[in-house]
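Chemist: model24.txt is the file, holding compact mmCIF, C-alpha atoms and all ligand atoms:
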# COMPACT_ATOMS: atom_id res chain seq x y z
CA MET A 1 74.06 207.53 5.22
CA THR A 2 76.27 209.40 2.73
CA ARG A 3 75.14 212.95 2.18
CA ASN A 4 76.03 215.64 -0.27
CA SER A 5 78.69 217.85 1.35
CA SER A 6 76.72 221.05 0.73
CA GLU A 7 73.53 219.55 2.13
CA LEU A 8 72.43 221.31 5.30
CA PHE A 9 68.95 220.15 6.28
CA ASN A 10 67.10 216.96 5.54
CA CYS A 11 63.86 215.36 6.65
CA GLU A 12 62.38 211.96 5.93
CA ARG A 13 58.76 210.79 6.22
CA LEU A 14 57.94 213.65 8.59
CA THR A 15 54.36 213.13 9.76
CA LYS A 16 52.05 214.88 12.21
CA ASP A 17 48.55 213.78 13.15
CA PHE A 18 46.03 215.87 15.06
CA GLY A 19 43.49 213.24 16.09
CA GLY A 20 42.14 211.87 12.84
CA LEU A 21 43.64 214.67 10.76
CA ARG A 22 47.02 214.09 9.14
CA ALA A 23 48.39 217.65 8.90
CA VAL A 24 51.84 216.65 7.59
CA ASP A 25 52.01 213.42 5.64
CA ARG A 26 55.37 211.64 5.17
CA VAL A 27 57.22 214.69 3.88
CA ASP A 28 60.79 214.29 2.58
CA PHE A 29 63.09 217.01 1.33
CA GLU A 30 66.57 218.45 1.56
CA VAL A 31 67.96 221.95 1.70
CA SER A 32 71.49 222.79 0.59
CA GLU A 33 73.73 225.33 2.20
CA GLY A 34 72.91 228.84 0.96
CA GLN A 35 69.67 227.75 -0.70
CA ILE A 36 66.41 229.73 -0.52
CA VAL A 37 63.45 227.36 -0.62
CA GLY A 38 59.87 228.51 -1.13
CA LEU A 39 57.24 226.46 0.72
CA ILE A 40 53.86 226.98 -0.86
CA GLY A 41 50.38 225.51 -0.58
CA PRO A 42 46.78 226.53 0.10
CA ASN A 43 45.35 227.30 3.56
CA GLY A 44 45.60 224.31 5.86
CA ALA A 45 48.15 222.53 3.63
CA GLY A 46 50.44 221.93 6.64
CA LYS A 47 53.12 224.59 6.08
CA THR A 48 53.11 225.99 9.64
CA THR A 49 52.80 222.51 11.14
CA LEU A 50 55.90 221.49 9.19
CA PHE A 51 57.76 224.48 10.71
CA ASN A 52 56.45 223.51 14.15
CA LEU A 53 57.89 220.02 13.66
CA ILE A 54 61.27 221.29 12.49
CA THR A 55 61.53 223.68 15.46
CA GLY A 56 60.50 221.10 18.07
CA VAL A 57 57.16 222.75 18.94
CA TYR A 58 55.47 219.47 17.95
CA GLN A 59 56.97 216.00 17.96
CA PRO A 60 56.41 214.01 14.76
CA ASN A 61 54.28 210.85 14.83
CA GLU A 62 56.68 209.42 12.31
CA GLY A 63 59.87 210.38 10.51
CA ARG A 64 63.00 212.31 11.34
CA PHE A 65 64.91 215.49 10.52
CA GLY A 66 68.41 216.80 11.04
CA LEU A 67 71.10 219.33 10.24
CA ARG A 68 74.06 217.93 8.33
CA GLU A 69 74.88 214.55 9.92
CA GLU A 70 73.12 215.35 13.19
CA ASP A 71 69.66 213.99 13.97
CA LEU A 72 67.58 216.65 15.76
CA THR A 73 64.33 214.67 16.05
CA GLY A 74 62.97 214.74 19.60
CA LEU A 75 64.89 217.83 20.77
CA MET A 76 63.18 220.73 22.57
CA PRO A 77 62.70 224.09 20.78
CA HIS A 78 65.53 225.85 22.68
CA GLN A 79 67.91 222.98 21.88
CA ILE A 80 67.02 223.11 18.18
CA LYS A 81 67.58 226.87 18.18
CA LYS A 82 71.05 226.34 19.67
CA LYS A 83 71.79 223.80 16.93
CA GLY A 84 71.13 226.51 14.35
CA ILE A 85 67.46 226.58 13.31
CA SER A 86 65.72 229.90 13.88
CA ARG A 87 62.28 231.11 12.80
CA THR A 88 59.73 233.88 12.52
CA PHE A 89 56.03 233.32 13.16
CA GLN A 90 52.98 233.76 10.96
CA GLN A 91 51.48 236.11 13.59
CA SER A 92 53.85 238.89 14.62
CA ARG A 93 55.53 238.33 17.96
CA LEU A 94 56.85 241.86 18.36
CA VAL A 95 55.96 243.74 21.53
CA LEU A 96 54.68 246.96 19.99
CA GLY A 97 55.13 249.01 23.16
CA LEU A 98 58.82 248.10 23.37
CA SER A 99 61.54 249.80 21.37
CA VAL A 100 63.08 248.37 18.21
CA TYR A 101 66.26 247.61 20.21
CA ASP A 102 64.41 245.90 23.04
CA ASN A 103 62.51 243.70 20.60
CA LEU A 104 65.81 242.75 19.03
CA PHE A 105 67.49 242.08 22.39
CA VAL A 106 64.83 239.49 23.14
CA GLY A 107 66.27 237.48 20.25
CA MET A 108 69.82 238.09 21.43
CA LEU A 109 69.30 237.15 25.09
CA GLU A 110 70.57 233.64 24.57
CA THR A 111 73.89 235.01 23.38
CA PHE A 112 74.31 237.15 26.56
CA HIS A 113 76.57 235.79 29.29
CA SER A 114 75.77 238.39 31.96
CA GLY A 115 73.09 237.42 34.42
CA PHE A 116 71.09 239.54 36.86
CA PHE A 117 73.97 239.39 39.36
CA ASP A 118 76.41 240.82 36.79
CA THR A 119 74.13 243.79 36.11
CA LEU A 120 74.48 244.75 39.81
CA ILE A 121 77.98 243.70 40.77
CA ARG A 122 80.06 243.17 37.64
CA ARG A 123 78.88 246.29 35.91
CA SER A 124 81.85 246.71 33.59
CA ARG A 125 81.35 243.23 32.14
CA PHE A 126 77.65 243.92 31.71
CA LYS A 127 78.27 247.32 30.11
CA LYS A 128 80.75 245.81 27.68
CA GLU A 129 78.28 243.14 26.71
CA LEU A 130 75.52 245.69 26.27
CA THR A 131 77.71 247.86 24.03
CA THR A 132 78.54 244.83 21.91
CA ALA A 133 74.84 243.95 21.74
CA ILE A 134 73.91 247.44 20.55
CA GLU A 135 76.66 247.30 17.92
CA ARG A 136 75.39 243.93 16.74
CA ALA A 137 71.79 245.20 16.75
CA ASN A 138 72.78 248.20 14.63
CA GLN A 139 74.69 245.98 12.25
CA LEU A 140 71.66 243.69 11.80
CA LEU A 141 69.20 246.56 11.32
CA LYS A 142 71.53 248.30 8.88
CA GLN A 143 71.79 245.20 6.72
CA PHE A 144 68.06 245.49 6.06
CA ASN A 145 67.45 249.22 6.17
CA GLU A 146 69.86 252.03 7.14
CA GLU A 147 66.99 254.14 8.47
CA LEU A 148 65.99 251.47 10.98
CA VAL A 149 69.15 252.21 12.99
CA GLU A 150 67.91 255.73 13.68
CA LYS A 151 64.66 254.26 14.95
CA GLY A 152 66.36 251.96 17.48
CA PHE A 153 64.82 253.72 20.48
CA ALA A 154 61.39 254.20 18.87
CA PRO A 155 58.55 251.89 19.91
CA ALA A 156 57.93 249.12 17.38
CA SER A 157 54.37 250.51 17.04
CA GLU A 158 55.82 253.59 15.30
CA ILE A 159 57.64 251.80 12.49
CA SER A 160 56.00 250.71 9.23
CA GLN A 161 54.61 247.22 8.64
CA ILE A 162 57.49 246.28 6.34
CA ASP A 163 60.06 247.52 8.90
CA ARG A 164 58.36 245.40 11.57
CA ARG A 165 58.83 242.35 9.37
CA ARG A 166 62.45 243.30 8.79
CA LEU A 167 62.86 243.63 12.56
CA GLU A 168 61.38 240.16 13.14
CA ILE A 169 63.80 238.69 10.61
CA CYS A 170 66.71 240.55 12.27
CA ARG A 171 65.64 239.04 15.59
CA ALA A 172 65.69 235.55 14.12
CA LEU A 173 69.10 236.25 12.57
CA ALA A 174 70.52 237.44 15.90
CA THR A 175 71.21 233.86 17.01
CA GLU A 176 73.30 233.32 13.84
CA PRO A 177 71.30 230.37 12.49
CA ALA A 178 72.35 227.98 9.74
CA LEU A 179 68.70 227.57 8.71
CA LEU A 180 66.13 230.35 8.90
CA LEU A 181 62.41 229.56 8.66
CA LEU A 182 60.15 232.45 7.66
CA ASP A 183 56.41 231.80 8.03
CA GLU A 184 54.59 234.08 5.59
CA PRO A 185 56.80 237.12 6.06
CA SER A 186 54.73 239.03 3.51
CA ALA A 187 51.36 238.46 5.23
CA GLY A 188 49.35 241.66 5.55
CA MET A 189 51.49 243.62 3.13
CA THR A 190 50.71 245.09 -0.28
CA PRO A 191 52.05 243.20 -3.33
CA GLU A 192 54.67 245.95 -3.81
CA GLU A 193 55.83 245.69 -0.19
CA SER A 194 55.92 241.89 -0.46
CA ILE A 195 58.19 242.06 -3.48
CA GLU A 196 60.39 244.65 -1.75
CA LEU A 197 60.72 242.42 1.33
CA MET A 198 61.54 239.37 -0.79
CA SER A 199 64.29 241.23 -2.63
CA ASP A 200 65.62 242.46 0.76
CA ILE A 201 65.75 238.88 2.02
CA ARG A 202 67.67 237.74 -1.05
CA ARG A 203 70.03 240.74 -0.93
CA VAL A 204 70.80 240.36 2.79
CA GLN A 205 71.41 236.64 2.38
CA GLU A 206 73.67 237.10 -0.65
CA ASN A 207 75.66 239.99 0.80
CA TYR A 208 76.00 239.04 4.46
CA TYR A 209 75.04 235.39 5.03
CA PRO A 210 75.85 233.48 1.83
CA ARG A 211 75.92 230.14 3.66
CA LEU A 212 72.57 230.71 5.36
CA SER A 213 69.72 228.52 4.09
CA ILE A 214 66.17 229.84 4.20
CA ILE A 215 62.77 228.16 3.94
CA LEU A 216 60.12 230.71 3.24
CA VAL A 217 56.36 230.14 3.41
CA GLU A 218 54.33 232.12 0.95
CA HIS A 219 50.77 231.97 -0.34
CA ASP A 220 51.36 233.86 -3.53
CA MET A 221 53.53 231.98 -6.00
CA MET A 222 54.32 235.17 -7.90
CA VAL A 223 55.88 236.75 -4.81
CA ILE A 224 58.55 234.06 -4.61
CA GLU A 225 59.31 234.04 -8.32
CA GLY A 226 62.92 234.98 -8.85
CA ILE A 227 64.06 234.77 -5.23
CA THR A 228 63.84 231.02 -4.60
CA ASP A 229 66.31 228.38 -5.76
CA LYS A 230 63.73 225.68 -5.21
CA VAL A 231 60.01 225.45 -4.48
CA ILE A 232 58.20 222.77 -2.49
CA ALA A 233 54.41 222.55 -2.72
CA LEU A 234 52.22 220.96 -0.06
CA ASN A 235 48.56 220.00 -0.30
CA TYR A 236 46.64 218.21 2.47
CA GLY A 237 49.96 217.63 4.24
CA LYS A 238 51.59 215.88 1.29
CA LYS A 239 54.44 217.13 -0.85
CA ILE A 240 52.89 217.30 -4.31
CA ALA A 241 55.68 219.06 -6.20
CA GLU A 242 59.32 220.03 -5.82
CA GLY A 243 61.65 221.76 -8.24
CA THR A 244 62.50 225.14 -9.68
CA PHE A 245 59.74 227.75 -9.80
CA GLU A 246 59.26 227.02 -13.52
CA GLU A 247 59.05 223.26 -12.96
CA VAL A 248 56.61 223.53 -10.07
CA THR A 249 54.29 225.96 -11.82
CA ARG A 250 54.03 223.48 -14.71
CA ASN A 251 52.92 220.68 -12.33
CA GLU A 252 49.33 219.65 -13.13
CA GLU A 253 48.39 218.47 -9.62
CA LEU A 254 49.59 221.74 -8.18
CA ARG A 255 47.73 223.82 -10.72
CA GLU A 256 44.53 221.98 -9.87
CA ALA A 257 44.99 222.03 -6.09
CA TYR A 258 46.37 225.48 -5.80
CA LEU A 259 45.44 227.62 -8.72
CA GLY A 260 42.09 225.92 -9.41
CA LYS A 261 43.09 225.34 -13.01
N1 LIG A 301 47.30 222.43 17.07
C1 LIG A 301 46.45 221.92 16.18
N2 LIG A 301 45.43 221.09 16.55
C2 LIG A 301 44.60 220.56 15.63
N3 LIG A 301 44.68 220.79 14.31
C3 LIG A 301 45.66 221.61 13.88
C4 LIG A 301 46.59 222.21 14.78
N4 LIG A 301 47.45 222.97 14.07
C5 LIG A 301 47.07 222.86 12.79
N5 LIG A 301 45.99 222.05 12.67
C6 LIG A 301 45.35 221.66 11.42
O1 LIG A 301 46.35 221.09 10.59
C7 LIG A 301 46.16 221.49 9.23
C8 LIG A 301 47.38 222.21 8.74
O2 LIG A 301 47.42 223.48 9.39
P1 LIG A 301 48.62 224.50 9.16
O3 LIG A 301 48.42 225.63 10.09
O4 LIG A 301 49.89 223.77 9.24
O5 LIG A 301 48.37 224.95 7.66
P2 LIG A 301 49.08 226.10 6.81
O6 LIG A 301 49.51 225.49 5.53
O7 LIG A 301 50.10 226.79 7.63
O8 LIG A 301 47.85 227.08 6.51
P3 LIG A 301 47.80 228.68 6.36
O9 LIG A 301 48.23 228.98 4.96
O10 LIG A 301 46.38 229.02 6.58
O11 LIG A 301 48.71 229.27 7.41
C9 LIG A 301 44.88 222.33 9.20
O12 LIG A 301 43.80 221.49 8.86
C10 LIG A 301 44.78 222.83 10.63
O13 LIG A 301 43.43 223.07 10.99
MG MG A 302 50.39 228.69 8.27
Is it possible to give me this structure as structure tokens?
Ligand SMILES: Nc1ncnc2c1ncn2[C@@H]1O[C@H](COP(=O)(O)OP(=O)(O)OP(=O)(O)O)[C@@H](O)[C@H]1O
Ligand SMILES: [Mg+2]

Modeler:
Amino acid sequence: MTRNSSELFNCERLTKDFGGLRAVDRVDFEVSEGQIVGLIGPNGAGKTTLFNLITGVYQPNEGRFGLREEDLTGLMPHQIKKKGISRTFQQSRLVLGLSVYDNLFVGMLETFHSGFFDTLIRRSRFKKELTTAIERANQLLKQFNEELVEKGFAPASEISQIDRRRLEICRALATEPALLLLDEPSAGMTPEESIELMSDIRRVQENYYPRLSIILVEHDMMVIEGITDKVIALNYGKKIAEGTFEEVTRNEELREAYLGK
């Protein structure tokens, strides 16, 4: 199949059934390199299930997906991560009792080469790797918020809600993905904080990772206005609209399903 050279991700007829319930229903779409895509839809529309399919948590009943020319359907989550798809979860996965650094190192573990043996015997190699990891951690934190670097040794429980979300995104970025999936990053935040986080995401992507593509789940259409290049709307597992924010908000089916208008 001939593909657009800037196309990064594509899926075709992706479908997931839970018993008699079709949670994702023959969904097709593409994401270009550097694009920020908003994935919207009411509760239960299938947004998280779609992410679970794309990250290998669930296997599709039908359909396929891939990065560039490579088909990733059927791979395990850790294999998909290695291929360049990273994510955050709807429910925070931070360990609040652990420090900001330690939470970040969890995301970086896969990039470490030292094993337990090295920490005991080959200490210089381990130390070097640790120093590099701290430098990388600081670099990631700084890209989002300079002040977060000073809080590296603080427990995650002591940083603000918005900083915790930034930290989770940093952790997902630590594996240097080509595609980043963010499942409702603004959940539990005030509208002002949500808008601040969205503009952070756009700024960090533009300044540091211009080739990174992002799919971002959001409930509130207004929160994604201005930061997305494209919006995809799901309802009952089906894609009901796709286009620019302006195009999608004009879609009648979406207005009925989603806005109740
Ligand atoms: N593991 C599962 N087993 C059975 N049904 C499931 C499972 N996961 C999701 N579902 C169902 O699939 C549908 C889609 O759920 P999903 O979590 O993907 O929706 P969502 O769009 O992420 O919703 P929300 O905005 O509330 O997060 C829902 O009807 C949900 O109850
Ligand atoms: Mg969800």

Chemist: Closest to ligand LIG 301 (chain A) among A:Glu62, A:Glu129, A:Glu135, A:Asp17, using all atoms listed in the file?

Modeler: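 With all atoms listed in the file as the atom set, the closest residue is A:Asp17.
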
Chemist: Quick one: distance from CA of Thr175 in chain A to CA of Phe89 in chain A in Å, one decimal?

Modeler: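 Calculated distance between CA of Thr175 in chain A and CA of Phe89 in chain A is 15.7 Å.
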
Chemist: Please identify every polymer residue within 8 Å of ligand LIG 301 (chain A), using only C-alpha atoms and all ligand atoms, and present the set as a ChimeraX atom specification.

Modeler: /A:18-19,21-24,40-50,90,184,218-219,234,236-237

Chemist: Counting only C-alpha atoms, which residues come within 10 Å of (67.5, 248.7, 8.3), with the point read in the file's coordinates, and could you list them as a compact mmCIF listing (two decimals) with C-alpha atoms, in the frame of the given file?

Modeler:
# COMPACT_ATOMS: atom_id res chain seq x y z
CA ASN A 138 72.78 248.20 14.63
CA GLN A 139 74.69 245.98 12.25
CA LEU A 140 71.66 243.69 11.80
CA LEU A 141 69.20 246.56 11.32
CA LYS A 142 71.53 248.30 8.88
CA GLN A 143 71.79 245.20 6.72
CA PHE A 144 68.06 245.49 6.06
CA ASN A 145 67.45 249.22 6.17
CA GLU A 146 69.86 252.03 7.14
CA GLU A 147 66.99 254.14 8.47
CA LEU A 148 65.99 251.47 10.98
CA VAL A 149 69.15 252.21 12.99
CA GLU A 150 67.91 255.73 13.68
CA LYS A 151 64.66 254.26 14.95
CA GLY A 152 66.36 251.96 17.48
CA ASP A 163 60.06 247.52 8.90
CA ARG A 166 62.45 243.30 8.79
CA LEU A 167 62.86 243.63 12.56
CA CYS A 170 66.71 240.55 12.27
CA ASP A 200 65.62 242.46 0.76

Chemist: Give me, please, the distance in Å between CA of Ile215 in chain A and CA of Ile201 in chain A, quoted to one decimal.

Modeler: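 These two atoms are separated by 11.3 Å.
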
Chemist: Have a look at A:Gln59, A:Ser213, A:Asn103, A:Thr88 and name the one nearest to ligand MG 302 (chain A); count all atoms listed in the file.

Modeler: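 Answer, going by the shortest atom-to-atom distance: A:Thr88.
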
Chemist: Quote the spacing between CA of Ile134 in chain A and CA of Thr55 in chain A in Å to one decimal place.

Modeler: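 CA of Thr55 in chain A lies at a distance of 27.3 Å from CA of Ile134 in chain A.
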
Chemist: So, counting all atoms listed in the file, which residue among A:Gly63, A:Gly34, A:Pro77, A:Gly107 is closest to Ile169 in chain A?

Modeler: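 Nearest candidate to Ile169 in chain A out of A:Gly63, A:Gly34, A:Pro77, A:Gly107: A:Gly107.
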
Chemist: Compare A:Asn10, A:Asn251, A:Gln91, A:Ser160 by their minimum atom-to-atom distance to ligand MG 302 (chain A), counting all atoms listed in the file, and give me the closest one.

Modeler: A:Gln91

Chemist: Near Glu33 in chain A, counting only C-alpha atoms, which residues have an atom at most 6 Å away, once you skip same-chain residues fewer than 2 positions from it, shown as a ChimeraX atom specification?

Modeler: /A:6-8,35,211,213

Chemist: Find the spatial neighbours of Met189 in chain A, counting only C-alpha atoms, within a cut-off of 10 Å - ignore same-chain residues fewer than 4 positions away - and output them as a tab-separated table (two decimals) with C-alpha atoms, in the frame of the given file.

Modeler:
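After the write, result_6.tsv holds the following:
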chain	number	residue	atom	x	y	z
A	161	GLN	CA	54.61	247.22	8.64
A	162	ILE	CA	57.49	246.28	6.34
A	165	ARG	CA	58.83	242.35	9.37
A	185	PRO	CA	56.80	237.12	6.06
A	193	GLU	CA	55.83	245.69	-0.19
A	194	SER	CA	55.92	241.89	-0.46
A	195	ILE	CA	58.19	242.06	-3.48
A	197	LEU	CA	60.72	242.42	1.33

Chemist: Please list as a PDB file with C-alpha atoms, in the frame of the given file every residue within 6 Å of Cys11 in chain A, counting only C-alpha atoms and excluding residues in the same chain fewer than 4 positions away.

Modeler:
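Output below, filename out33.pdb:
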ATOM      1  CA  ASP A  28      60.790 214.290   2.580  1.00  0.00           C
ATOM      2  CA  PHE A  29      63.090 217.010   1.330  1.00  0.00           C
ATOM      3  CA  ARG A  64      63.000 212.310  11.340  1.00  0.00           C
ATOM      4  CA  PHE A  65      64.910 215.490  10.520  1.00  0.00           C
TER       5      PHE A  65
END

Chemist: Considering only C-alpha atoms and all ligand atoms, can you say which of A:Val217, A:Glu242, A:Lys81, A:Tyr101 comes closest to ligand MG 302 (chain A)?

Modeler: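 The shortest atom-to-atom distance to ligand MG 302 (chain A) comes from A:Val217.
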
Chemist: Closest to Ile36 in chain A among A:Leu179, A:Gly56, A:Lys128, A:Asp220, using all atoms listed in the file?

Modeler: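 For Ile36 in chain A, the nearest of the given residues is A:Leu179.
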
Chemist: Give me the residues within 12 Å of Glu247 in chain A as a ChimeraX atom specification, counting all atoms listed in the file and dropping any in the same chain fewer than 3 places off.

Modeler: /A:225,229-233,241-244,250-252,254-255

Chemist: Applying 7 Å and all atoms listed in the file, which residues near Ile227 in chain A remain after dropping the ones on its own chain fewer than 4 positions away? List them as a PyMOL selection string.

Modeler: chain A and resi 198-199+202
